[in-house]
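Raw contents of entry11.tsv, TSV, C-alpha atoms and all ligand atoms:
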```tsv
chain	number	residue	atom	x	y	z
A	1	MET	CA	-119.81	1.83	171.28
A	2	SER	CA	-116.54	-0.01	171.77
A	3	ASP	CA	-117.89	-2.80	169.51
A	4	LEU	CA	-118.45	-0.17	166.80
A	5	ARG	CA	-114.97	1.17	167.29
A	6	ALA	CA	-113.36	-2.28	167.14
A	7	LYS	CA	-115.49	-3.31	164.14
A	8	TYR	CA	-114.66	-0.26	162.02
A	9	LEU	CA	-111.00	-0.05	162.96
A	10	GLU	CA	-110.65	-3.68	161.99
A	11	GLN	CA	-112.47	-3.20	158.68
A	12	ILE	CA	-110.32	-0.18	157.91
A	13	GLY	CA	-107.13	-2.06	158.66
A	14	ALA	CA	-108.27	-4.93	156.43
A	15	ALA	CA	-109.52	-2.83	153.46
A	16	PRO	CA	-107.41	-4.00	150.52
A	17	ASP	CA	-107.90	-0.95	148.29
A	18	ALA	CA	-109.39	2.56	147.95
A	19	ALA	CA	-112.82	1.23	146.87
A	20	ALA	CA	-113.15	-1.06	149.88
A	21	LEU	CA	-112.06	1.79	152.12
A	22	GLU	CA	-114.75	4.05	150.66
A	23	GLY	CA	-117.31	1.30	151.42
A	24	VAL	CA	-116.24	1.29	155.08
A	25	ARG	CA	-116.35	5.09	155.19
A	26	LEU	CA	-119.96	5.16	153.91
A	27	ALA	CA	-121.05	2.41	156.31
A	28	ALA	CA	-119.54	4.26	159.26
A	29	LEU	CA	-119.64	7.98	158.55
A	30	GLY	CA	-122.02	8.28	155.56
A	31	LYS	CA	-125.32	10.17	155.86
A	32	LYS	CA	-127.08	6.88	156.50
A	33	GLY	CA	-124.11	5.31	158.22
A	34	GLU	CA	-124.06	3.74	161.61
A	35	ILE	CA	-122.53	6.74	163.43
A	36	ALA	CA	-125.18	9.06	161.94
A	37	LEU	CA	-127.91	6.73	163.19
A	38	LYS	CA	-126.36	6.79	166.65
A	39	MET	CA	-126.22	10.58	166.51
A	40	ARG	CA	-129.93	10.64	165.73
A	41	GLU	CA	-130.61	8.39	168.77
A	42	LEU	CA	-129.09	11.12	171.02
A	43	GLY	CA	-132.41	12.99	170.73
A	44	GLN	CA	-134.28	10.28	172.58
A	45	MET	CA	-131.79	10.16	175.44
A	46	SER	CA	-131.94	11.79	178.84
A	47	ALA	CA	-129.74	14.81	179.41
A	48	GLU	CA	-127.13	12.83	181.40
A	49	GLU	CA	-127.04	10.00	178.90
A	50	ARG	CA	-126.63	12.52	176.10
A	51	GLN	CA	-123.80	14.26	177.94
A	52	ALA	CA	-121.88	11.01	178.13
A	53	ALA	CA	-122.79	9.60	174.71
A	54	GLY	CA	-122.41	12.81	172.63
A	55	PRO	CA	-118.68	13.45	173.13
A	56	ALA	CA	-118.00	9.71	172.94
A	57	LEU	CA	-119.72	9.52	169.55
A	58	ASN	CA	-117.88	12.60	168.30
A	59	GLY	CA	-114.62	11.12	169.52
A	60	LEU	CA	-115.38	7.85	167.74
A	61	LYS	CA	-116.21	9.76	164.57
A	62	SER	CA	-112.86	11.59	164.63
A	63	GLU	CA	-111.02	8.40	165.42
A	64	ILE	CA	-112.58	6.53	162.49
A	65	ASP	CA	-111.96	9.52	160.24
A	66	ALA	CA	-108.30	9.59	161.22
A	67	ALA	CA	-107.97	5.83	160.72
A	68	LEU	CA	-109.54	6.13	157.23
A	69	LYS	CA	-107.04	8.84	156.28
A	70	ALA	CA	-104.11	6.86	157.63
A	71	ARG	CA	-105.21	3.70	155.81
A	72	LYS	CA	-105.76	5.67	152.59
A	73	SER	CA	-102.28	7.08	152.62
A	74	ALA	CA	-100.80	3.69	153.55
A	75	LEU	CA	-102.61	2.12	150.56
A	76	GLU	CA	-101.32	4.91	148.29
A	77	ASP	CA	-97.76	4.41	149.54
A	78	ALA	CA	-98.01	0.69	148.92
A	79	ALA	CA	-99.36	1.26	145.40
A	80	LEU	CA	-96.49	3.66	144.65
A	81	ASP	CA	-93.96	1.16	146.01
A	82	ALA	CA	-95.42	-1.55	143.78
A	83	ARG	CA	-95.19	0.74	140.73
A	84	LEU	CA	-91.65	1.72	141.52
A	85	LYS	CA	-90.73	-1.96	141.74
A	86	THR	CA	-91.99	-2.68	138.22
A	87	GLU	CA	-91.29	0.62	136.49
A	88	TRP	CA	-87.65	0.99	137.41
A	89	LEU	CA	-85.10	2.64	135.21
A	90	ASP	CA	-81.36	1.90	135.26
A	91	VAL	CA	-79.92	5.39	135.02
A	92	THR	CA	-76.41	3.93	134.84
A	93	LEU	CA	-77.03	2.22	131.47
A	94	PRO	CA	-74.99	3.73	128.61
A	95	GLY	CA	-77.10	5.75	126.16
A	96	ARG	CA	-78.23	4.15	122.89
A	97	PRO	CA	-76.41	5.90	120.05
A	98	ARG	CA	-78.77	7.30	117.43
A	99	PRO	CA	-77.73	7.41	113.80
A	100	THR	CA	-77.08	11.02	112.90
A	101	GLY	CA	-77.43	12.57	109.47
A	102	SER	CA	-74.58	14.48	107.89
A	103	ILE	CA	-73.73	16.48	104.80
A	104	HIS	CA	-72.69	14.28	101.86
A	105	PRO	CA	-68.90	14.43	101.40
A	106	ILE	CA	-69.30	15.71	97.83
A	107	SER	CA	-71.53	18.55	99.07
A	108	GLN	CA	-69.05	19.30	101.86
A	109	VAL	CA	-66.19	19.50	99.38
A	110	MET	CA	-68.26	21.70	97.04
A	111	GLU	CA	-68.94	24.09	99.91
A	112	GLU	CA	-65.27	24.10	100.94
A	113	LEU	CA	-63.88	24.79	97.49
A	114	THR	CA	-66.54	27.41	96.78
A	115	ALA	CA	-65.51	29.24	99.95
A	116	ILE	CA	-61.82	29.07	99.02
A	117	PHE	CA	-62.36	30.45	95.52
A	118	ALA	CA	-64.81	33.04	96.84
A	119	ASP	CA	-61.98	34.35	99.05
A	120	MET	CA	-59.95	34.82	95.87
A	121	GLY	CA	-62.71	36.81	94.21
A	122	PHE	CA	-64.44	34.09	92.14
A	123	ALA	CA	-68.23	34.16	91.85
A	124	VAL	CA	-70.23	30.93	91.44
A	125	ALA	CA	-72.01	30.32	88.14
A	126	GLU	CA	-74.61	27.64	87.49
A	127	GLY	CA	-76.33	26.41	84.34
A	128	PRO	CA	-78.46	23.65	82.81
A	129	GLN	CA	-77.40	20.00	82.86
A	130	VAL	CA	-79.06	19.41	79.49
A	131	GLU	CA	-77.16	21.58	77.00
A	132	SER	CA	-77.26	22.21	73.28
A	133	ASP	CA	-74.30	20.66	71.49
A	134	TRP	CA	-73.26	24.19	70.58
A	135	PHE	CA	-72.69	25.25	74.22
A	136	ASN	CA	-71.23	21.90	75.20
A	137	PHE	CA	-68.93	21.40	72.17
A	138	ASP	CA	-68.76	24.05	69.41
A	139	ALA	CA	-68.32	26.99	71.78
A	140	LEU	CA	-65.44	25.09	73.37
A	141	ASN	CA	-63.63	24.62	70.09
A	142	ILE	CA	-64.43	20.91	70.07
A	143	ALA	CA	-64.73	19.99	66.40
A	144	PRO	CA	-67.67	17.94	65.07
A	145	GLU	CA	-65.36	15.01	64.35
A	146	HIS	CA	-63.86	15.03	67.89
A	147	PRO	CA	-64.25	11.61	69.57
A	148	ALA	CA	-66.07	13.19	72.56
A	149	ARG	CA	-68.91	14.01	70.20
A	150	GLN	CA	-69.43	10.39	69.22
A	151	GLU	CA	-72.59	8.63	70.33
A	152	HIS	CA	-70.70	6.24	72.59
A	153	ASP	CA	-69.01	8.94	74.70
A	154	THR	CA	-71.82	11.39	75.30
A	155	PHE	CA	-75.45	11.02	76.39
A	156	PHE	CA	-77.54	12.51	73.59
A	157	MET	CA	-81.17	13.51	74.19
A	158	HIS	CA	-83.69	11.49	72.23
A	159	ARG	CA	-85.05	13.15	69.09
A	160	ALA	CA	-88.25	11.94	67.48
A	161	GLU	CA	-88.34	11.54	63.71
A	162	GLY	CA	-88.89	14.98	62.17
A	163	ASP	CA	-87.84	16.86	65.32
A	164	ASP	CA	-85.23	19.22	63.94
A	165	ARG	CA	-84.29	21.12	67.06
A	166	PRO	CA	-80.51	21.24	67.52
A	167	PRO	CA	-79.04	18.18	69.27
A	168	HIS	CA	-78.92	18.37	73.07
A	169	VAL	CA	-76.68	16.41	75.42
A	170	LEU	CA	-76.14	15.86	79.11
A	171	ARG	CA	-73.27	18.28	79.65
A	172	THR	CA	-69.93	16.49	79.64
A	173	HIS	CA	-68.19	19.28	81.60
A	174	THR	CA	-69.27	22.53	83.29
A	175	SER	CA	-67.52	24.65	80.63
A	176	PRO	CA	-70.84	25.59	78.93
A	177	VAL	CA	-71.80	27.33	82.18
A	178	GLN	CA	-68.75	29.55	81.75
A	179	ILE	CA	-69.58	30.27	78.10
A	180	ARG	CA	-73.00	31.44	79.32
A	181	ALA	CA	-71.35	33.52	82.08
A	182	MET	CA	-69.03	35.19	79.56
A	183	GLN	CA	-71.97	35.98	77.28
A	184	ALA	CA	-74.00	37.37	80.18
A	185	GLN	CA	-71.28	39.35	81.92
A	186	GLY	CA	-68.48	39.99	79.45
A	187	ALA	CA	-64.92	40.73	80.56
A	188	PRO	CA	-63.35	41.09	83.04
A	189	ILE	CA	-64.75	38.00	84.73
A	190	ARG	CA	-63.81	35.59	87.51
A	191	VAL	CA	-66.14	32.61	88.02
A	192	ILE	CA	-66.13	29.01	89.09
A	193	ALA	CA	-68.71	26.52	87.83
A	194	PRO	CA	-69.22	23.51	90.13
A	195	GLY	CA	-71.77	20.81	89.33
A	196	ARG	CA	-72.78	17.45	87.92
A	197	VAL	CA	-71.46	16.27	84.58
A	198	TYR	CA	-72.15	13.12	82.55
A	199	ARG	CA	-70.04	10.83	80.39
A	200	MET	CA	-70.74	7.37	79.06
A	201	ASP	CA	-68.06	5.73	81.13
A	202	MET	CA	-68.31	3.08	83.81
A	203	ASP	CA	-65.40	1.13	85.25
A	204	GLN	CA	-63.30	0.98	88.39
A	205	THR	CA	-62.22	4.60	88.08
A	206	HIS	CA	-65.19	6.15	86.21
A	207	THR	CA	-68.88	6.72	86.89
A	208	PRO	CA	-71.40	8.01	84.31
A	209	MET	CA	-72.28	10.95	86.55
A	210	PHE	CA	-69.57	12.79	88.43
A	211	HIS	CA	-68.82	16.27	89.72
A	212	GLN	CA	-66.54	18.87	88.30
A	213	VAL	CA	-65.49	22.38	89.17
A	214	GLU	CA	-64.09	24.63	86.49
A	215	GLY	CA	-62.62	28.07	86.99
A	216	LEU	CA	-62.22	30.99	84.64
A	217	ALA	CA	-60.40	34.33	85.05
A	218	ILE	CA	-60.31	36.83	82.21
A	219	ASP	CA	-58.78	40.28	82.26
A	220	ARG	CA	-56.39	42.43	80.19
A	221	ASP	CA	-53.18	40.62	81.10
A	222	ILE	CA	-53.97	37.43	83.01
A	223	SER	CA	-51.09	34.97	82.70
A	224	MET	CA	-50.18	31.38	83.53
A	225	ALA	CA	-48.20	32.69	86.52
A	226	GLN	CA	-51.49	33.82	88.07
A	227	LEU	CA	-53.03	30.46	87.15
A	228	LYS	CA	-50.24	28.67	89.00
A	229	TRP	CA	-50.53	30.88	92.09
A	230	THR	CA	-54.31	30.50	92.17
A	231	LEU	CA	-54.09	26.71	92.01
A	232	GLU	CA	-51.33	26.55	94.64
A	233	GLU	CA	-53.32	28.77	96.95
A	234	PHE	CA	-56.37	26.56	96.41
A	235	CYS	CA	-54.44	23.36	97.17
A	236	ARG	CA	-52.85	24.85	100.30
A	237	ALA	CA	-56.27	25.81	101.63
A	238	PHE	CA	-58.21	22.76	100.46
A	239	PHE	CA	-55.72	20.07	101.55
A	240	GLU	CA	-54.81	22.08	104.68
A	241	LEU	CA	-51.08	22.10	103.91
A	242	ASP	CA	-48.42	24.65	104.83
A	243	GLU	CA	-46.44	23.96	101.68
A	244	VAL	CA	-47.55	22.65	98.30
A	245	GLU	CA	-45.64	22.26	95.10
A	246	LEU	CA	-47.37	22.03	91.74
A	247	ARG	CA	-45.87	20.93	88.45
A	248	PHE	CA	-47.22	21.89	85.05
A	249	ARG	CA	-46.93	19.32	82.26
A	250	ALA	CA	-47.60	20.37	78.67
A	251	SER	CA	-50.85	18.86	77.45
A	252	HIS	CA	-53.65	19.44	75.02
A	253	PHE	CA	-57.26	20.51	75.39
A	254	PRO	CA	-59.28	21.94	72.48
A	255	PHE	CA	-60.43	24.87	74.66
A	256	THR	CA	-57.04	26.07	75.96
A	257	GLU	CA	-53.76	27.06	74.33
A	258	PRO	CA	-51.28	26.45	75.77
A	259	SER	CA	-52.63	23.64	77.96
A	260	ALA	CA	-51.13	22.07	81.04
A	261	GLU	CA	-51.91	19.14	83.25
A	262	VAL	CA	-51.15	19.90	86.88
A	263	ASP	CA	-49.52	17.51	89.33
A	264	ILE	CA	-49.08	17.94	93.08
A	265	ARG	CA	-45.95	16.76	94.92
A	266	CYS	CA	-46.65	13.75	97.11
A	267	SER	CA	-45.25	10.63	98.72
A	268	TRP	CA	-46.55	7.09	99.01
A	269	ASP	CA	-45.25	5.70	102.32
A	270	ASN	CA	-46.34	2.06	102.59
A	271	GLY	CA	-49.60	2.71	100.81
A	272	GLN	CA	-50.25	5.96	102.67
A	273	LEU	CA	-50.55	9.02	100.45
A	274	LYS	CA	-49.07	12.30	101.75
A	275	LEU	CA	-49.55	15.48	99.77
A	276	GLY	CA	-47.08	18.37	99.77
A	277	GLU	CA	-43.88	16.35	100.29
A	278	GLY	CA	-41.98	13.43	98.80
A	279	ASN	CA	-40.64	12.45	95.39
A	280	ASP	CA	-43.82	11.46	93.58
A	281	TRP	CA	-46.35	13.47	91.61
A	282	LEU	CA	-50.11	13.05	91.46
A	283	GLU	CA	-52.19	14.52	88.66
A	284	ILE	CA	-55.03	16.61	90.09
A	285	LEU	CA	-56.36	18.84	87.31
A	286	GLY	CA	-56.16	20.25	83.81
A	287	SER	CA	-55.73	23.90	82.85
A	288	GLY	CA	-54.50	26.41	80.31
A	289	MET	CA	-54.98	29.79	78.69
A	290	VAL	CA	-58.45	30.16	77.20
A	291	HIS	CA	-58.37	29.53	73.44
A	292	PRO	CA	-59.20	32.64	71.33
A	293	HIS	CA	-62.04	30.70	69.64
A	294	VAL	CA	-63.59	30.07	73.04
A	295	LEU	CA	-63.30	33.71	74.09
A	296	ARG	CA	-65.02	34.69	70.85
A	297	ALA	CA	-67.82	32.15	71.44
A	298	GLY	CA	-68.31	33.83	74.84
A	299	GLY	CA	-68.62	37.21	73.12
A	300	ILE	CA	-65.24	38.42	74.35
A	301	ASP	CA	-62.67	39.97	72.01
A	302	PRO	CA	-59.44	37.91	72.16
A	303	ASP	CA	-57.42	40.93	70.96
A	304	GLN	CA	-58.47	42.85	74.07
A	305	TRP	CA	-58.70	40.13	76.71
A	306	GLN	CA	-57.05	36.90	77.81
A	307	GLY	CA	-57.40	34.53	80.68
A	308	PHE	CA	-56.85	31.15	82.28
A	309	ALA	CA	-59.21	28.26	82.86
A	310	PHE	CA	-58.96	25.02	84.78
A	311	GLY	CA	-61.09	22.01	85.51
A	312	MET	CA	-60.94	19.32	88.18
A	313	GLY	CA	-62.93	16.34	89.35
A	314	ILE	CA	-64.59	16.97	92.69
A	315	ASP	CA	-65.13	13.27	93.46
A	316	ARG	CA	-61.42	12.70	93.02
A	317	ILE	CA	-60.20	15.56	95.23
A	318	ALA	CA	-62.82	14.58	97.83
A	319	MET	CA	-61.38	11.06	97.89
A	320	LEU	CA	-57.83	12.44	98.17
A	321	LYS	CA	-58.79	14.73	101.05
A	322	TYR	CA	-60.68	12.04	102.96
A	323	GLY	CA	-58.32	9.17	102.17
A	324	ILE	CA	-60.68	7.00	100.14
A	325	PRO	CA	-58.55	4.64	98.03
A	326	ASP	CA	-60.80	4.11	95.01
A	327	LEU	CA	-64.14	4.81	93.43
A	328	ARG	CA	-65.63	1.45	94.32
A	329	ALA	CA	-65.91	2.87	97.83
A	330	PHE	CA	-68.90	4.79	96.56
A	331	PHE	CA	-70.73	1.66	95.49
A	332	GLU	CA	-69.55	-1.09	97.78
A	333	SER	CA	-70.38	0.79	100.97
A	334	ASP	CA	-66.89	1.54	102.18
A	335	LEU	CA	-67.45	2.23	105.86
A	336	ARG	CA	-65.52	5.46	105.85
A	337	TRP	CA	-67.99	6.85	103.34
A	338	LEU	CA	-70.87	5.47	105.36
A	339	ARG	CA	-69.58	7.34	108.36
A	340	HIS	CA	-69.51	10.54	106.32
A	341	TYR	CA	-73.05	9.84	105.17
A	342	GLY	CA	-74.13	9.09	108.76
A	343	PHE	CA	-75.60	5.73	107.80
A	344	ALA	CA	-77.09	3.38	110.36
A	345	ALA	CA	-75.16	0.43	108.94
A	346	LEU	CA	-72.62	1.19	111.66
A	347	ASP	CA	-75.10	-0.35	114.11
A	348	GLN	CA	-74.35	-3.75	112.60
A	349	PRO	CA	-71.44	-5.17	114.60
A	350	SER	CA	-70.11	-7.23	111.68
A	351	LEU	CA	-69.84	-4.10	109.53
A	352	ALA	CA	-68.67	-1.82	112.32
A	353	ALA	CA	-65.76	-4.22	112.95
A	354	GLY	CA	-64.43	-3.14	109.57
A	355	LEU	CA	-63.98	0.39	110.89
A	356	SER	CA	-61.09	-0.53	113.15
A	357	ARG	CA	-59.12	-1.96	110.24
B	1	LIG	C1	-59.69	18.33	83.09
B	1	LIG	C2	-59.51	19.47	82.20
B	1	LIG	C3	-60.15	21.69	81.85
B	1	LIG	C4	-60.99	23.80	81.18
B	1	LIG	C5	-61.17	22.56	81.72
B	1	LIG	C6	-62.22	25.68	80.21
B	1	LIG	C7	-63.41	26.34	80.22
B	1	LIG	C8	-63.58	27.41	79.36
B	1	LIG	C9	-62.58	27.80	78.55
B	1	LIG	C10	-61.42	27.09	78.59
B	1	LIG	CL1	-65.04	28.22	79.37
B	1	LIG	N1	-61.25	26.05	79.37
B	1	LIG	N2	-62.06	24.63	81.04
B	1	LIG	C11	-59.69	24.14	80.72
B	1	LIG	C12	-58.67	23.25	80.85
B	1	LIG	C13	-58.87	22.01	81.42
B	1	LIG	O1	-60.41	20.48	82.43
B	1	LIG	O2	-58.92	17.42	83.05
B	1	LIG	N3	-60.70	18.35	83.93
B	1	LIG	C14	-60.98	17.32	84.87
```
What would you get if you wrote out this structure as structure tokens?
Ligand code: 2NL
Amino acid sequence: MSDLRAKYLEQIGAAPDAAALEGVRLAALGKKGEIALKMRELGQMSAEERQAAGPALNGLKSEIDAALKARKSALEDAALDARLKTEWLDVTLPGRPRPTGSIHPISQVMEELTAIFADMGFAVAEGPQVESDWFNFDALNIAPEHPARQEHDTFFMHRAEGDDRPPHVLRTHTSPVQIRAMQAQGAPIRVIAPGRVYRMDMDQTHTPMFHQVEGLAIDRDISMAQLKWTLEEFCRAFFELDEVELRFRASHFPFTEPSAEVDIRCSWDNGQLKLGEGNDWLEILGSGMVHPHVLRAGGIDPDQWQGFAFGMGIDRIAMLKYGIPDLRAFFESDLRWLRHYGFAALDQPSLAAGLSR
């Protein structure tokens, strides 16, 4: 019996893995294992022999059982240790930054200015980007011989030979949206029309598609004083300034009379633009009192109603607000724009270095 004990305890101690251990268990304690055979032999023994051998066999069985369990858990511990050695994780490593998406700066600015004008009672109007030349030009008092109506300034829709529908264009401003709003709603009316506009222009300060917001306020006695206050209030809110000063310069647009270009007071301190203070002026928009012809085209009686209108480039005021020096930033991947876009290019060290400049 002590040979059995020594044999199995040795085998258990030497079993390299769970499968080998199971082999030892079956050989020792299985139904046809050696201990079971010995148990069966008890029947042929004398009563005294049985009294000595029985408990000894049971004891051996328990001992082997306990040794199997101990070895099993030792093997499991060792396996876990081995895994932990290979599958370690350095929880002190800095996290890997993930590129995050963000709202396009033009969309952000559109949302901001819409909110500001909404606070002043302006509704938002939208309309088609392909317009008849009547809505885009005639309704706005732009004469047929006006240079803007020439083929090289405006994108005209293709017309097949014999197609005699009226000419259509990619809208060159969002004014036609306001003509449609006047026709639909009549006076009094307060709307802004933000959106994409198209002109055949492409150089360092122009792109063929850009964004514009126009505003229109018509009532019995709207004046240029209210125009000026509205624009000042907008600039204060949009550029986040306590004080702004605007300057009106006489100008000409076919759709307004009188017309004014509007400048904002600013300073250029060693290349750094500051709005709201200084001795310089920066043009930011065009405006005026709606021309009687335009009111009439909108179905509004100019003897009963009058109003102001203005238009400004969204791309331009977005660049002013976010400090982008020129339009090429849009195309040559200026990193400040990329950061607004949330582009992954910032992961490239050579590009990211540019950010600190
Ligand atoms: C500019 C000038 C302007 C308007 C747009 C307008 C619209 C209607 C009637 C009258 Cl429906 N006027 N719009 C008026 C004055 C100027 O835009 O330089 N924009 C960037």
Quiz item: Taking (-65.5, 44.5, 83.2) in the file's coordinates as the center, which residues reach within 12 Å of it, counting only C-alpha atoms, put as a list in words?
Solution: Met182, Ala184, Gln185, Gly186, Ala187, Pro188, Ile189, Arg190, Ala217, Ile218, Asp219, Arg220, Ile300, Gln304 and Trp305 of chain A
Selection from above, C-alpha atoms, as a PDB file, in the coordinates of the input, can you write it?
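Output file again23.pdb is given in full below:
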```pdb
ATOM      1  CA  MET A 182     -69.030  35.190  79.560  1.00  0.00           C
ATOM      2  CA  ALA A 184     -74.000  37.370  80.180  1.00  0.00           C
ATOM      3  CA  GLN A 185     -71.280  39.350  81.920  1.00  0.00           C
ATOM      4  CA  GLY A 186     -68.480  39.990  79.450  1.00  0.00           C
ATOM      5  CA  ALA A 187     -64.920  40.730  80.560  1.00  0.00           C
ATOM      6  CA  PRO A 188     -63.350  41.090  83.040  1.00  0.00           C
ATOM      7  CA  ILE A 189     -64.750  38.000  84.730  1.00  0.00           C
ATOM      8  CA  ARG A 190     -63.810  35.590  87.510  1.00  0.00           C
ATOM      9  CA  ALA A 217     -60.400  34.330  85.050  1.00  0.00           C
ATOM     10  CA  ILE A 218     -60.310  36.830  82.210  1.00  0.00           C
ATOM     11  CA  ASP A 219     -58.780  40.280  82.260  1.00  0.00           C
ATOM     12  CA  ARG A 220     -56.390  42.430  80.190  1.00  0.00           C
ATOM     13  CA  ILE A 300     -65.240  38.420  74.350  1.00  0.00           C
ATOM     14  CA  GLN A 304     -58.470  42.850  74.070  1.00  0.00           C
ATOM     15  CA  TRP A 305     -58.700  40.130  76.710  1.00  0.00           C
TER      16      TRP A 305
END
```
Quiz prompt | Within 6 Å of ligand LIG 1 (chain B), counting all atoms listed in the file, residues as a PyMOL selection string | solution = chain A and resi 175+178-179+214+255-256+285-288+290+309-313
Practice problem: Could you give me, as a ChimeraX atom specification, the residues within 12 Å of Leu37 (chain A), counting all atoms listed in the file and dropping anything in the same chain fewer than 6 positions from it? | Solution: /A:27-31,43-44,57
Practice problem: For a cut-off of 12 Å around (-48.6, 14.7, 90.6), file coordinates, pick out all residues using all atoms listed in the file and list them as an MDAnalysis selection string. | Solution: chainID A and resid 244:249 261:268 273:286
Take the selection from the previous step and output its residues with C-alpha atoms, as a PDB file, in the coordinates of the input.
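To be explicit, this is the file written out as result_29.pdb:
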```pdb
ATOM      1  CA  VAL A 244     -47.550  22.650  98.300  1.00  0.00           C
ATOM      2  CA  GLU A 245     -45.640  22.260  95.100  1.00  0.00           C
ATOM      3  CA  LEU A 246     -47.370  22.030  91.740  1.00  0.00           C
ATOM      4  CA  ARG A 247     -45.870  20.930  88.450  1.00  0.00           C
ATOM      5  CA  PHE A 248     -47.220  21.890  85.050  1.00  0.00           C
ATOM      6  CA  ARG A 249     -46.930  19.320  82.260  1.00  0.00           C
ATOM      7  CA  GLU A 261     -51.910  19.140  83.250  1.00  0.00           C
ATOM      8  CA  VAL A 262     -51.150  19.900  86.880  1.00  0.00           C
ATOM      9  CA  ASP A 263     -49.520  17.510  89.330  1.00  0.00           C
ATOM     10  CA  ILE A 264     -49.080  17.940  93.080  1.00  0.00           C
ATOM     11  CA  ARG A 265     -45.950  16.760  94.920  1.00  0.00           C
ATOM     12  CA  CYS A 266     -46.650  13.750  97.110  1.00  0.00           C
ATOM     13  CA  SER A 267     -45.250  10.630  98.720  1.00  0.00           C
ATOM     14  CA  TRP A 268     -46.550   7.090  99.010  1.00  0.00           C
ATOM     15  CA  LEU A 273     -50.550   9.020 100.450  1.00  0.00           C
ATOM     16  CA  LYS A 274     -49.070  12.300 101.750  1.00  0.00           C
ATOM     17  CA  LEU A 275     -49.550  15.480  99.770  1.00  0.00           C
ATOM     18  CA  GLY A 276     -47.080  18.370  99.770  1.00  0.00           C
ATOM     19  CA  GLU A 277     -43.880  16.350 100.290  1.00  0.00           C
ATOM     20  CA  GLY A 278     -41.980  13.430  98.800  1.00  0.00           C
ATOM     21  CA  ASN A 279     -40.640  12.450  95.390  1.00  0.00           C
ATOM     22  CA  ASP A 280     -43.820  11.460  93.580  1.00  0.00           C
ATOM     23  CA  TRP A 281     -46.350  13.470  91.610  1.00  0.00           C
ATOM     24  CA  LEU A 282     -50.110  13.050  91.460  1.00  0.00           C
ATOM     25  CA  GLU A 283     -52.190  14.520  88.660  1.00  0.00           C
ATOM     26  CA  ILE A 284     -55.030  16.610  90.090  1.00  0.00           C
ATOM     27  CA  LEU A 285     -56.360  18.840  87.310  1.00  0.00           C
ATOM     28  CA  GLY A 286     -56.160  20.250  83.810  1.00  0.00           C
TER      29      GLY A 286
END
```
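Shortest separation to Glu240 (chain A) among A:Ala225, A:Met202, A:Ile116, A:Met45 occurs at residue A:Ile116, atoms counted being only C-alpha atoms.
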Please enclose the listed atoms of region 103-117 of chain A in an axis-aligned box, pad each side by 5 Å, and write out the centre and the three edge lengths in Å, rounded to one decimal, as JSON.
```
{"center_x": -67.8, "center_y": 22.4, "center_z": 100.2, "size_x": 21.9, "size_y": 26.2, "size_z": 19.3}
```
